[in-house]
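Below is the file model-v6.cif, which contains mmCIF, C-alpha atoms.
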```
data_run
#
loop_
_atom_site.label_atom_id
_atom_site.label_comp_id
_atom_site.auth_asym_id
_atom_site.auth_seq_id
_atom_site.Cartn_x
_atom_site.Cartn_y
_atom_site.Cartn_z
CA MET O 15 97.76 122.21 134.87
CA LYS O 16 94.94 124.10 133.12
CA ILE O 17 94.67 123.89 129.36
CA TYR O 18 95.64 127.53 128.77
CA ASP O 19 98.85 127.16 130.79
CA LYS O 20 99.65 123.91 129.02
CA LEU O 21 99.33 125.56 125.61
CA ILE O 22 101.05 128.83 126.41
CA ASN O 23 104.00 126.96 127.95
CA LYS O 24 104.18 124.80 124.81
CA GLU O 25 103.64 121.65 126.84
CA GLY O 26 100.50 120.92 124.85
CA LYS O 27 99.26 121.35 121.29
CA LEU O 28 96.28 122.94 119.60
CA ALA O 29 94.92 121.46 116.37
CA VAL O 30 92.72 123.15 113.79
CA ILE O 31 90.57 120.64 111.90
CA GLY O 32 89.76 122.01 108.44
CA LEU O 33 92.15 124.49 106.82
CA GLY O 34 89.92 126.48 104.53
CA TYR O 35 89.36 130.23 104.50
CA VAL O 36 88.39 130.08 108.20
CA GLY O 37 90.68 127.40 109.62
CA LEU O 38 94.02 128.36 108.10
CA PRO O 39 94.13 131.99 109.34
CA ILE O 40 93.20 130.82 112.85
CA ALA O 41 95.84 128.09 112.79
CA LEU O 42 98.55 130.49 111.68
CA GLU O 43 97.66 133.10 114.29
CA PHE O 44 97.81 130.53 117.08
CA ALA O 45 101.04 129.12 115.66
CA LYS O 46 102.78 132.45 116.26
CA LYS O 47 102.35 131.87 120.01
CA ILE O 48 101.82 128.13 120.65
CA LYS O 49 102.38 124.70 119.07
CA VAL O 50 99.79 123.96 116.39
CA VAL O 51 98.81 121.02 114.20
CA GLY O 52 96.96 122.01 111.04
CA PHE O 53 94.81 119.08 109.87
CA ASP O 54 92.97 118.74 106.58
CA ILE O 55 91.75 115.63 104.77
CA ASN O 56 92.91 116.99 101.40
CA GLU O 57 96.58 116.01 101.10
CA GLU O 58 97.04 118.18 98.00
CA ARG O 59 95.98 121.26 99.97
CA VAL O 60 98.16 120.18 102.90
CA GLU O 61 101.20 119.96 100.64
CA MET O 62 100.52 123.49 99.33
CA MET O 63 100.44 124.81 102.90
CA ARG O 64 103.69 123.04 103.72
CA ASN O 65 105.11 125.19 100.93
CA ASN O 66 103.63 128.38 102.41
CA ILE O 67 100.82 128.58 99.87
CA ASP O 68 97.24 129.31 100.91
CA PRO O 69 94.95 127.20 98.66
CA SER O 70 92.14 129.72 99.28
CA GLU O 71 94.39 132.55 98.02
CA GLU O 72 93.49 134.73 101.00
CA LEU O 73 96.93 134.85 102.65
CA ASP O 74 100.34 135.54 101.18
CA SER O 75 103.42 133.46 101.95
CA ALA O 76 104.56 135.90 104.66
CA ALA O 77 101.60 134.82 106.81
CA PHE O 78 103.37 131.48 107.35
CA ASP O 79 106.59 133.07 108.64
CA GLY O 80 107.55 132.36 112.25
CA CYS O 81 104.75 129.84 112.78
CA ASP O 82 105.20 126.72 114.90
CA ILE O 83 102.82 124.56 112.88
CA HIS O 84 102.81 121.04 111.46
CA PHE O 85 100.48 120.51 108.50
CA THR O 86 99.13 117.00 108.12
CA SER O 87 96.35 114.78 106.82
CA LYS O 88 97.31 111.87 109.09
CA LEU O 89 95.17 110.94 112.09
CA GLU O 90 98.14 109.78 114.17
CA ASP O 91 99.52 113.33 114.18
CA LEU O 92 96.52 114.36 116.31
CA LYS O 93 97.11 111.88 119.13
CA ASP O 94 99.15 114.27 121.29
CA VAL O 95 96.84 117.26 120.73
CA ASN O 96 95.02 118.70 123.74
CA PHE O 97 92.81 121.43 122.26
CA PHE O 98 90.85 120.90 119.04
CA VAL O 99 89.28 123.66 116.95
CA VAL O 100 86.83 122.37 114.32
CA ALA O 101 86.50 124.78 111.41
CA VAL O 102 85.05 122.72 108.56
CA PRO O 103 82.35 123.92 106.12
CA THR O 104 78.65 123.47 106.86
CA PRO O 105 76.98 123.63 103.44
CA ILE O 106 73.45 122.85 102.28
CA ASN O 107 72.37 120.17 99.82
CA ASN O 108 70.39 120.62 96.61
CA MET O 109 67.17 120.63 98.67
CA ASN O 110 68.45 123.55 100.77
CA LEU O 111 68.74 121.29 103.80
CA PRO O 112 71.76 121.32 106.15
CA ASP O 113 74.60 119.04 105.10
CA LEU O 114 76.26 118.11 108.39
CA GLY O 115 78.56 115.61 106.69
CA PRO O 116 81.79 117.62 107.12
CA VAL O 117 81.21 118.57 110.77
CA LEU O 118 80.14 115.05 111.74
CA SER O 119 83.14 113.61 109.91
CA ALA O 120 85.42 116.03 111.77
CA SER O 121 83.78 114.90 115.03
CA ARG O 122 84.59 111.29 114.16
CA THR O 123 88.20 112.27 113.49
CA VAL O 124 88.53 114.03 116.85
CA GLY O 125 86.61 111.30 118.68
CA GLN O 126 89.21 108.71 117.66
CA VAL O 127 92.06 110.59 119.35
CA LEU O 128 90.23 112.32 122.22
CA LYS O 129 91.77 111.91 125.68
CA LYS O 130 90.81 112.84 129.23
CA GLY O 131 91.31 116.54 129.85
CA ASP O 132 91.09 117.51 126.17
CA TYR O 133 89.01 120.41 124.79
CA VAL O 134 86.97 120.48 121.58
CA VAL O 135 85.67 123.82 120.26
CA TYR O 136 83.45 124.08 117.18
CA GLU O 137 83.58 127.14 114.94
CA SER O 138 81.49 125.82 112.03
CA THR O 139 78.16 127.62 111.61
CA VAL O 140 75.32 125.35 112.75
CA TYR O 141 71.79 125.59 114.13
CA PRO O 142 71.30 125.88 117.91
CA GLY O 143 71.73 122.47 119.53
CA CYS O 144 73.89 120.90 116.83
CA THR O 145 77.09 120.83 118.90
CA GLU O 146 75.54 119.09 121.89
CA ASP O 147 72.89 117.01 120.12
CA ASP O 148 74.72 115.90 116.97
CA CYS O 149 78.48 116.24 117.53
CA VAL O 150 79.05 115.42 121.20
CA PRO O 151 77.41 111.95 120.98
CA ILE O 152 79.96 111.04 118.28
CA LEU O 153 82.84 112.28 120.44
CA GLU O 154 81.56 110.29 123.42
CA GLU O 155 80.88 107.10 121.47
CA LEU O 156 84.26 106.93 119.75
CA SER O 157 86.35 108.03 122.73
CA GLY O 158 84.44 106.18 125.45
CA LEU O 159 84.58 109.42 127.45
CA LYS O 160 81.90 111.77 128.81
CA MET O 161 81.56 115.48 128.16
CA VAL O 162 82.13 117.72 131.21
CA THR O 163 83.56 114.99 133.43
CA ASP O 164 86.21 113.67 131.01
CA PHE O 165 86.57 116.30 128.29
CA LYS O 166 85.27 119.80 127.64
CA VAL O 167 83.33 121.15 124.67
CA GLY O 168 82.69 124.70 123.52
CA TYR O 169 81.42 126.71 120.59
CA SER O 170 82.99 129.91 119.25
CA PRO O 171 81.50 131.08 115.96
CA GLU O 172 83.88 132.14 113.22
CA ARG O 173 83.62 135.73 112.04
CA ILE O 174 86.06 135.69 109.14
CA ASN O 175 85.14 137.98 106.25
CA PRO O 176 86.87 136.77 103.04
CA GLY O 177 88.85 139.49 101.30
CA ASP O 178 88.64 141.86 104.29
CA LYS O 179 92.09 142.99 105.48
CA VAL O 180 90.67 145.29 108.19
CA HIS O 181 88.27 143.02 110.07
CA THR O 182 90.54 140.12 110.95
CA ILE O 183 90.80 137.49 113.67
CA ARG O 184 92.63 139.90 115.93
CA THR O 185 90.33 142.89 115.40
CA ILE O 186 86.89 141.22 115.60
CA LYS O 187 85.39 140.56 119.04
CA LYS O 188 85.09 136.80 119.59
CA VAL O 189 82.09 135.05 121.10
CA ALA O 190 82.98 132.00 123.20
CA SER O 191 80.95 129.42 125.09
CA GLY O 192 81.59 126.25 127.05
CA CYS O 193 79.84 123.23 128.52
CA ASP O 194 80.49 124.53 132.07
CA GLU O 195 82.01 127.54 133.83
CA LEU O 196 85.53 126.12 133.86
CA SER O 197 85.52 125.36 130.15
CA LEU O 198 84.09 128.79 129.32
CA ASP O 199 86.89 130.55 131.21
CA GLU O 200 89.61 128.38 129.71
CA ILE O 201 88.29 128.61 126.15
CA ALA O 202 88.05 132.40 126.48
CA LYS O 203 91.64 132.58 127.73
CA VAL O 204 92.89 130.43 124.85
CA TYR O 205 91.20 132.67 122.27
CA GLU O 206 92.64 135.75 123.96
CA ILE O 207 96.01 134.51 122.66
CA VAL O 208 94.97 135.56 119.14
CA VAL O 209 92.09 138.02 119.62
CA ASP O 210 92.97 141.59 120.61
CA ALA O 211 89.39 142.91 120.40
CA GLY O 212 88.24 140.89 123.41
CA ILE O 213 86.08 137.87 124.16
CA TYR O 214 82.34 137.89 124.83
CA LYS O 215 81.33 134.99 127.06
CA ALA O 216 77.98 133.60 125.92
CA THR O 217 75.74 132.04 128.56
CA SER O 218 75.53 128.68 126.77
CA ILE O 219 76.67 126.80 123.70
CA LYS O 220 73.19 127.15 122.15
CA VAL O 221 73.28 130.93 122.63
CA ALA O 222 76.64 131.10 120.85
CA GLU O 223 75.34 128.92 118.00
CA ALA O 224 72.22 131.07 117.67
CA CYS O 225 74.12 134.36 117.76
CA LYS O 226 76.18 133.34 114.75
CA ILE O 227 73.28 132.14 112.67
CA ILE O 228 71.15 135.23 113.28
CA GLU O 229 74.01 137.55 112.31
CA ASN O 230 73.84 136.28 108.74
CA THR O 231 70.07 135.78 108.79
CA GLN O 232 69.59 139.42 109.77
CA ARG O 233 71.70 140.57 106.83
CA ASP O 234 69.86 138.20 104.49
CA VAL O 235 66.45 139.56 105.51
CA ASN O 236 67.57 143.19 105.17
CA ILE O 237 69.09 142.60 101.74
CA ALA O 238 65.93 140.77 100.66
CA LEU O 239 63.85 143.81 101.60
CA ILE O 240 66.01 146.05 99.42
CA ASN O 241 65.96 143.49 96.61
CA GLU O 242 62.17 143.37 96.75
CA LEU O 243 62.03 147.16 96.72
CA SER O 244 64.26 147.13 93.63
CA LEU O 245 61.78 144.80 91.88
CA ILE O 246 58.93 147.20 92.70
CA LEU O 247 60.81 150.41 91.86
CA SER O 248 62.03 148.97 88.56
CA LYS O 249 58.41 148.52 87.45
CA MET O 250 57.87 152.20 88.26
CA GLY O 251 60.93 153.28 86.30
CA VAL O 252 62.71 154.47 89.45
CA ASN O 253 66.39 153.71 90.12
CA THR O 254 66.82 151.97 93.48
CA TYR O 255 70.25 153.48 94.15
CA ASP O 256 68.85 156.99 93.66
CA VAL O 257 66.18 156.18 96.24
CA LEU O 258 68.70 154.71 98.68
CA ALA O 259 70.93 157.77 98.35
CA ALA O 260 68.01 160.01 99.29
CA ALA O 261 66.75 157.75 102.11
CA GLY O 262 70.29 157.43 103.47
CA THR O 263 70.27 161.09 104.51
CA LYS O 264 68.20 160.07 107.56
CA TRP O 265 70.45 159.25 110.52
CA ASN O 266 68.87 155.90 111.36
CA PHE O 267 68.34 154.51 107.85
CA LEU O 268 70.07 151.13 107.46
CA ASN O 269 72.53 151.13 104.56
CA PHE O 270 71.77 147.95 102.63
CA THR O 271 71.93 147.68 98.84
CA PRO O 272 70.36 145.28 96.32
CA GLY O 273 72.35 142.49 94.77
CA LEU O 274 73.17 138.81 94.51
CA VAL O 275 73.40 136.92 97.81
CA GLY O 276 75.67 133.92 97.43
CA GLY O 277 78.72 132.48 99.12
CA HIS O 278 78.86 130.06 102.02
CA CYS O 279 77.49 132.30 104.80
CA ILE O 280 74.56 134.64 104.12
CA GLY O 281 73.27 132.48 101.28
CA VAL O 282 73.45 129.30 103.37
CA ASP O 283 73.13 129.91 107.11
CA PRO O 284 69.46 130.98 107.18
CA TYR O 285 68.50 127.57 105.81
CA TYR O 286 69.98 126.01 108.96
CA LEU O 287 67.70 128.15 111.10
CA VAL O 288 64.66 127.40 108.93
CA TYR O 289 65.42 123.68 109.21
CA LYS O 290 65.72 123.78 112.99
CA ALA O 291 62.59 125.93 113.31
CA LYS O 292 60.59 123.24 111.48
CA LYS O 293 62.04 120.61 113.81
CA VAL O 294 60.59 122.46 116.79
CA GLY O 295 57.24 123.07 115.09
CA TYR O 296 57.53 126.56 113.64
CA TYR O 297 57.54 127.68 110.01
CA ALA O 298 59.91 130.64 109.61
CA LYS O 299 57.90 132.86 107.27
CA VAL O 300 60.03 136.00 107.08
CA ILE O 301 63.33 134.12 106.82
CA SER O 302 61.98 131.73 104.17
CA SER O 303 60.55 134.60 102.12
CA ALA O 304 63.86 136.45 102.28
CA ARG O 305 65.67 133.35 101.05
CA TYR O 306 63.21 132.99 98.16
CA ILE O 307 63.68 136.61 97.07
CA ASN O 308 67.47 136.57 97.30
CA ASP O 309 67.78 133.19 95.59
CA SER O 310 65.72 134.47 92.65
CA MET O 311 67.71 137.64 91.91
CA GLY O 312 70.16 136.03 89.48
CA PHE O 313 67.33 134.69 87.33
CA TYR O 314 65.64 138.10 87.47
CA VAL O 315 68.79 139.86 86.20
CA GLY O 316 69.08 137.33 83.38
CA LYS O 317 65.47 137.89 82.29
CA GLN O 318 65.80 141.68 82.45
CA THR O 319 68.92 141.53 80.29
CA VAL O 320 67.11 139.49 77.63
CA LYS O 321 64.20 141.97 77.73
CA LYS O 322 66.60 144.85 77.16
CA ILE O 323 68.18 143.02 74.20
CA LEU O 324 64.73 142.43 72.67
CA GLU O 325 63.69 146.05 73.26
CA ALA O 326 66.76 147.08 71.27
CA GLY O 327 65.33 145.15 68.30
CA ARG O 328 67.89 142.36 68.41
CA ASN O 329 67.29 138.63 68.15
CA ALA O 330 67.91 136.98 71.52
CA LEU O 331 68.67 133.66 69.82
CA GLU O 332 71.61 135.26 68.01
CA SER O 333 72.73 137.54 70.84
CA LYS O 334 75.93 137.47 72.83
CA VAL O 335 76.44 138.72 76.39
CA LEU O 336 79.62 139.38 78.37
CA VAL O 337 79.43 138.71 82.11
CA MET O 338 82.13 140.47 84.11
CA GLY O 339 82.75 138.68 87.40
CA ALA O 340 82.01 135.12 88.50
CA THR O 341 83.03 134.93 92.16
CA PHE O 342 80.48 135.13 94.98
CA LYS O 343 81.71 138.59 96.06
CA GLU O 344 84.16 141.27 95.07
CA ASN O 345 87.95 140.90 95.27
CA VAL O 346 88.00 137.22 96.24
CA SER O 347 88.69 134.04 94.25
CA ASP O 348 85.96 131.92 95.84
CA VAL O 349 83.28 130.77 93.38
CA ARG O 350 81.35 128.52 95.77
CA ASN O 351 77.60 129.22 95.67
CA SER O 352 78.12 132.15 93.32
CA LYS O 353 74.76 133.51 92.20
CA VAL O 354 76.34 134.86 89.02
CA VAL O 355 75.84 131.31 87.81
CA ASP O 356 72.06 131.84 87.97
CA ILE O 357 72.36 134.81 85.61
CA ILE O 358 74.37 132.72 83.16
CA ARG O 359 71.94 129.78 83.37
CA GLU O 360 68.98 132.10 82.72
CA LEU O 361 70.66 133.70 79.71
CA GLU O 362 71.52 130.28 78.31
CA SER O 363 67.89 129.18 78.71
CA PHE O 364 67.08 131.83 76.07
CA SER O 365 69.90 130.44 73.85
CA VAL O 366 72.04 133.51 74.50
CA HIS O 367 75.78 132.94 74.02
CA VAL O 368 77.63 133.97 77.19
CA ASP O 369 81.29 134.86 77.68
CA VAL O 370 82.59 135.21 81.23
CA VAL O 371 85.67 137.05 82.53
CA ASP O 372 86.99 137.44 86.06
CA PRO O 373 90.44 138.59 87.29
CA TYR O 374 90.22 136.44 90.44
CA ALA O 375 88.34 133.25 89.56
CA SER O 376 89.92 130.04 88.30
CA SER O 377 88.60 128.89 84.93
CA ASP O 378 89.32 125.25 85.82
CA GLU O 379 87.42 125.56 89.09
CA LEU O 380 84.43 127.13 87.32
CA LYS O 381 84.44 124.29 84.78
CA HIS O 382 84.58 121.72 87.58
CA GLU O 383 81.82 123.38 89.64
CA TYR O 384 79.49 124.71 86.96
CA GLY O 385 80.50 123.40 83.55
CA PHE O 386 81.72 126.67 82.03
CA GLY O 387 85.07 128.44 82.03
CA LEU O 388 86.43 131.91 81.45
CA VAL O 389 87.40 133.48 78.14
CA GLU O 390 90.95 134.78 78.13
CA LYS O 391 89.92 138.13 76.73
CA PRO O 392 86.54 139.65 75.78
CA ALA O 393 85.96 140.01 72.06
CA ALA O 394 85.79 143.63 70.87
CA ASN O 395 82.58 144.91 69.23
CA SER O 396 80.85 141.55 69.83
CA TYR O 397 78.26 141.83 72.57
CA ASP O 398 74.64 142.89 72.74
CA ALA O 399 74.91 143.43 76.48
CA VAL O 400 77.56 143.63 79.17
CA ILE O 401 76.68 142.59 82.71
CA LEU O 402 78.87 143.98 85.47
CA ALA O 403 78.05 141.18 87.91
CA VAL O 404 80.74 141.53 90.59
CA SER O 405 82.18 144.86 91.68
CA HIS O 406 85.84 143.85 91.64
CA GLU O 407 88.26 146.71 92.19
CA GLU O 408 89.53 146.22 88.63
CA TYR O 409 86.08 147.12 87.33
CA SER O 410 85.60 150.30 89.36
CA GLN O 411 87.38 152.83 87.12
CA LEU O 412 86.17 151.95 83.61
CA ASP O 413 84.61 154.51 81.28
CA GLU O 414 81.93 154.63 78.63
CA HIS O 415 84.52 154.21 75.88
CA PHE O 416 85.49 150.84 77.39
CA PHE O 417 81.92 149.52 77.29
CA LYS O 418 81.32 150.89 73.79
CA GLY O 419 84.39 148.97 72.61
CA LEU O 420 82.80 145.71 73.76
CA LEU O 421 79.30 146.27 72.34
CA LYS O 422 78.27 145.66 68.71
CA ASP O 423 78.51 148.91 66.77
CA GLY O 424 79.19 150.64 70.09
CA LYS O 425 75.56 150.18 71.07
CA GLY O 426 73.80 147.96 73.56
CA VAL O 427 72.90 147.67 77.22
CA VAL O 428 75.12 147.81 80.29
CA VAL O 429 73.62 145.93 83.24
CA ASP O 430 75.29 147.15 86.42
CA ILE O 431 74.15 145.05 89.37
CA LYS O 432 75.86 147.10 92.09
CA GLY O 433 75.23 150.51 90.51
CA LEU O 434 78.92 151.36 90.08
CA TYR O 435 78.28 153.45 86.96
CA ARG O 436 74.98 155.07 87.91
CA GLY O 437 74.88 158.50 86.30
CA LYS O 438 78.23 157.99 84.53
CA LEU O 439 77.15 156.38 81.24
CA LYS O 440 75.42 158.99 79.11
CA GLU O 441 75.09 157.38 75.66
CA LEU O 442 74.55 153.70 76.33
CA GLU O 443 71.40 151.97 77.57
CA TYR O 444 71.95 151.48 81.30
CA TRP O 445 70.10 149.34 83.84
CA SER O 446 70.79 148.41 87.43
CA LEU O 447 68.91 146.79 90.30
#
```
Let me see the file written as structure tokens.
Amino acid sequence: MKIYDKLINKEGKLAVIGLGYVGLPIALEFAKKIKVVGFDINEERVEMMRNNIDPSEELDSAAFDGCDIHFTSKLEDLKDVNFFVVAVPTPINNMNLPDLGPVLSASRTVGQVLKKGDYVVYESTVYPGCTEDDCVPILEELSGLKMVTDFKVGYSPERINPGDKVHTIRTIKKVASGCDELSLDEIAKVYEIVVDAGIYKATSIKVAEACKIIENTQRDVNIALINELSLILSKMGVNTYDVLAAAGTKWNFLNFTPGLVGGHCIGVDPYYLVYKAKKVGYYAKVISSARYINDSMGFYVGKQTVKKILEAGRNALESKVLVMGATFKENVSDVRNSKVVDIIRELESFSVHVDVVDPYASSDELKHEYGFGLVEKPAANSYDAVILAVSHEEYSQLDEHFFKGLLKDGKGVVVDIKGLYRGKLKELEYWSL
């Protein structure tokens, strides 16, 4: 019996290894149609999911309804699984080098329970060649089996967009690949269980790996271009958003805007490609330059804010700044690799006192990750500058009176990174990228 038939007839099980913002939604979608084991090494998170709570705060409790899923952190619960989906993080270390620890650890977990006829599909973002060169040898060594002849391997890049309720697993076309023609067809059929938008069959695992990593690299490079333009235009006294609005009237102008590039995708994935390029003897100039520009934007915003405070005749050493927003993007709770932290660090390097608020972020998590927490409520008439760092929905309908109420004597600078209030603040000093 083929693997698809085994799963759809509930004579076999699918396991998702890693139940973060990518793995959990996939596991729950599959669990509406087939038997699923949701595996995560963090027992505290597992217990939350047993109680219909998404630790990533992306899904509500209703998403768990009607799902045939067993959440576990125990290896023995994987022994009767036939199809493994690996969806663990692939971060970078403090030297901006790939940290394959989670994906290699997940491979060791699967390798210990792998049987003849099983399938293993990786969704974690990696450089081309990682699946076959780094992960498969672990699977083979621990299982004593051989890829293709004994078990099948594939790669199907995740395309989850945190906070996006429109572009979901079902509505985004899925790329799939396999180690041979049979595995490609079967993997595609399995994903068709949960993907309505269709499956694109890549010609090889390396092609599928590369397609994912260039999706985010392309966005990174385009954003870096606009960020660099904002640095140039600022020196000329020209507002970047005004320029983009004018340029956007041309039908083929690409609509990118300046800003902070953080998170665990765009701010990370290009480093995997740069690393692999060096391994094969090429220095990725454009990609590396884009990363440098985007990684420096938080520090740039911090410096510009201090300059504006000094231009207002105030002492930076005695100044106080409110930062609104701490997550890596709007309307999500995830603070991992948030570049707002760079703004805060830069302000603190000038001895500026910084208060931070955010309707989504966890103060405890911020303290654990970065050493600072949130203030419960901003202090009225206390700040020399207000930085609107993340364009959360809650911040989209404020008025000038609101900002005046936060600033000392109703005067000061509003730094608006995403240009939400361009042309709307008439009396306060206003600056944006």
Task: Minimum-distance residue to Asn230 in chain O, chosen among O:Glu390, O:Asp283, O:Glu443, O:Asp356 (using all atoms listed in the file) - done: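 Ranked by minimum distance to Asn230 in chain O, first place goes to O:Asp283.
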Task: Best match for closeness to Thr217 in chain O among O:Tyr169, O:Ala393, O:Val60, O:Asp256, counting only C-alpha atoms - done: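 With only C-alpha atoms as the atom set, the closest residue is O:Tyr169.
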- [ ] Select, counting only C-alpha atoms, all protein, DNA and RNA residues no farther than 9 Å from (96.4, 112.7, 111.0) in file coordinates, and express the selection as an MDAnalysis selection string.
- [x] chainID O and resid 53:55 86:93 123
Please save C-alpha atoms of the selected residues as a PDB file, keeping the file's coordinate frame.
```
ATOM      1  CA  PHE O  53      94.810 119.080 109.870  1.00  0.00           C
ATOM      2  CA  ASP O  54      92.970 118.740 106.580  1.00  0.00           C
ATOM      3  CA  ILE O  55      91.750 115.630 104.770  1.00  0.00           C
ATOM      4  CA  THR O  86      99.130 117.000 108.120  1.00  0.00           C
ATOM      5  CA  SER O  87      96.350 114.780 106.820  1.00  0.00           C
ATOM      6  CA  LYS O  88      97.310 111.870 109.090  1.00  0.00           C
ATOM      7  CA  LEU O  89      95.170 110.940 112.090  1.00  0.00           C
ATOM      8  CA  GLU O  90      98.140 109.780 114.170  1.00  0.00           C
ATOM      9  CA  ASP O  91      99.520 113.330 114.180  1.00  0.00           C
ATOM     10  CA  LEU O  92      96.520 114.360 116.310  1.00  0.00           C
ATOM     11  CA  LYS O  93      97.110 111.880 119.130  1.00  0.00           C
ATOM     12  CA  THR O 123      88.200 112.270 113.490  1.00  0.00           C
TER      13      THR O 123
END
```
TODO: Would you kindly translate the PyMOL selection byres ((chain O and resi 98) around 9) into the concrete residues it picks from this file, as a PyMOL selection string?
DONE: chain O and resi 27-31+95-97+99-100+124+132-136
Preceding selection exported with C-alpha atoms as a short mmCIF file (atom, residue, chain, number, x, y, z; two decimals), in the coordinates of the input:
```
data_model
loop_
_atom_site.label_atom_id
_atom_site.label_comp_id
_atom_site.auth_asym_id
_atom_site.auth_seq_id
_atom_site.Cartn_x
_atom_site.Cartn_y
_atom_site.Cartn_z
CA LYS O 27 99.26 121.35 121.29
CA LEU O 28 96.28 122.94 119.60
CA ALA O 29 94.92 121.46 116.37
CA VAL O 30 92.72 123.15 113.79
CA ILE O 31 90.57 120.64 111.90
CA VAL O 95 96.84 117.26 120.73
CA ASN O 96 95.02 118.70 123.74
CA PHE O 97 92.81 121.43 122.26
CA VAL O 99 89.28 123.66 116.95
CA VAL O 100 86.83 122.37 114.32
CA VAL O 124 88.53 114.03 116.85
CA ASP O 132 91.09 117.51 126.17
CA TYR O 133 89.01 120.41 124.79
CA VAL O 134 86.97 120.48 121.58
CA VAL O 135 85.67 123.82 120.26
CA TYR O 136 83.45 124.08 117.18
#
```
Task: Residues selected by the PyMOL selection byres ((chain O and resi 364) around 8), written as a VMD selection string - done: chain O and resid 320 330 to 331 360 to 363 365 to 366
Since we have the selection now, will you write its residues out, keeping C-alpha atoms, as a PDB file, in the coordinates of the input?
```
ATOM      1  CA  VAL O 320      67.110 139.490  77.630  1.00  0.00           C
ATOM      2  CA  ALA O 330      67.910 136.980  71.520  1.00  0.00           C
ATOM      3  CA  LEU O 331      68.670 133.660  69.820  1.00  0.00           C
ATOM      4  CA  GLU O 360      68.980 132.100  82.720  1.00  0.00           C
ATOM      5  CA  LEU O 361      70.660 133.700  79.710  1.00  0.00           C
ATOM      6  CA  GLU O 362      71.520 130.280  78.310  1.00  0.00           C
ATOM      7  CA  SER O 363      67.890 129.180  78.710  1.00  0.00           C
ATOM      8  CA  SER O 365      69.900 130.440  73.850  1.00  0.00           C
ATOM      9  CA  VAL O 366      72.040 133.510  74.500  1.00  0.00           C
TER      10      VAL O 366
END
```
TODO: Name the residues that the PyMOL selection byres ((chain O and resi 415-419) around 8) picks from the file above, as a ChimeraX atom specification, using the file's chain letters and numbers.
DONE: /O:394-395,400,412-414,420-425,428,442
With C-alpha atoms kept, could you save the residues just selected as a PDB file, in the coordinates of the input?
```
ATOM      1  CA  ALA O 394      85.790 143.630  70.870  1.00  0.00           C
ATOM      2  CA  ASN O 395      82.580 144.910  69.230  1.00  0.00           C
ATOM      3  CA  VAL O 400      77.560 143.630  79.170  1.00  0.00           C
ATOM      4  CA  LEU O 412      86.170 151.950  83.610  1.00  0.00           C
ATOM      5  CA  ASP O 413      84.610 154.510  81.280  1.00  0.00           C
ATOM      6  CA  GLU O 414      81.930 154.630  78.630  1.00  0.00           C
ATOM      7  CA  LEU O 420      82.800 145.710  73.760  1.00  0.00           C
ATOM      8  CA  LEU O 421      79.300 146.270  72.340  1.00  0.00           C
ATOM      9  CA  LYS O 422      78.270 145.660  68.710  1.00  0.00           C
ATOM     10  CA  ASP O 423      78.510 148.910  66.770  1.00  0.00           C
ATOM     11  CA  GLY O 424      79.190 150.640  70.090  1.00  0.00           C
ATOM     12  CA  LYS O 425      75.560 150.180  71.070  1.00  0.00           C
ATOM     13  CA  VAL O 428      75.120 147.810  80.290  1.00  0.00           C
ATOM     14  CA  LEU O 442      74.550 153.700  76.330  1.00  0.00           C
TER      15      LEU O 442
END
```
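Comparing O:Lys203, O:Met63, O:Ser157, O:Asn351 by their smallest distance to Asn107 in chain O, the closest is O:Asn351 (using all atoms listed in the file).
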TODO: With a distance cut-off of 12 Å and only C-alpha atoms, select the neighbouring residues of Gly312 in chain O, excluding the residue or stretch itself and same-chain residues fewer than 3 positions from it, and output the selection as an MDAnalysis selection string.
DONE: chainID O and resid 241 272:276 306:309 315:319 340 342 351:361 401 403:404 431 447
Task: Distance query range 139-156 of chain O at most 10 Å, all atoms listed in the file, self and fewer than 4 positions along chain excluded, as a PyMOL selection string - done: chain O and resi 101-105+112-114+117-128+134-135+160-161+164-173+193+219-228+278-279+282-291
Task: Two-atom distance - CA of Ser191 in chain O, CA of Ile83 in chain O (Å) - done: 25.5 Å
Task: O:Asn66, O:Asn269, O:Ser310, O:Ser396 ranked by distance to Val335 in chain O, top pick (using all atoms listed in the file) - done: O:Ser396
Box dimensions and centre (Å, one decimal) enclosing range 164-180 of chain O, axis-aligned, 6 Å extra per side, as lines of an AutoDock Vina configuration file:
```
center_x = 86.8
center_y = 129.5
center_z = 116.2
size_x = 22.7
size_y = 43.6
size_z = 41.7
```
Reconstruct range 430-434 of chain O at the level of N, CA and C atoms, and format the result as a compact mmCIF listing (two decimals), in the coordinates of the input.
```txt
# COMPACT_ATOMS: atom_id res chain seq x y z
N ASP O 430 74.35 146.85 85.34
CA ASP O 430 75.29 147.15 86.42
C ASP O 430 74.64 146.79 87.76
N ILE O 431 74.88 145.57 88.21
CA ILE O 431 74.15 145.05 89.37
C ILE O 431 74.36 145.89 90.62
N LYS O 432 75.57 146.34 90.87
CA LYS O 432 75.86 147.10 92.09
C LYS O 432 75.82 148.61 91.90
N GLY O 433 75.40 149.07 90.73
CA GLY O 433 75.23 150.51 90.51
C GLY O 433 76.52 151.30 90.50
N LEU O 434 77.63 150.67 90.09
CA LEU O 434 78.92 151.36 90.08
C LEU O 434 78.94 152.55 89.12
```
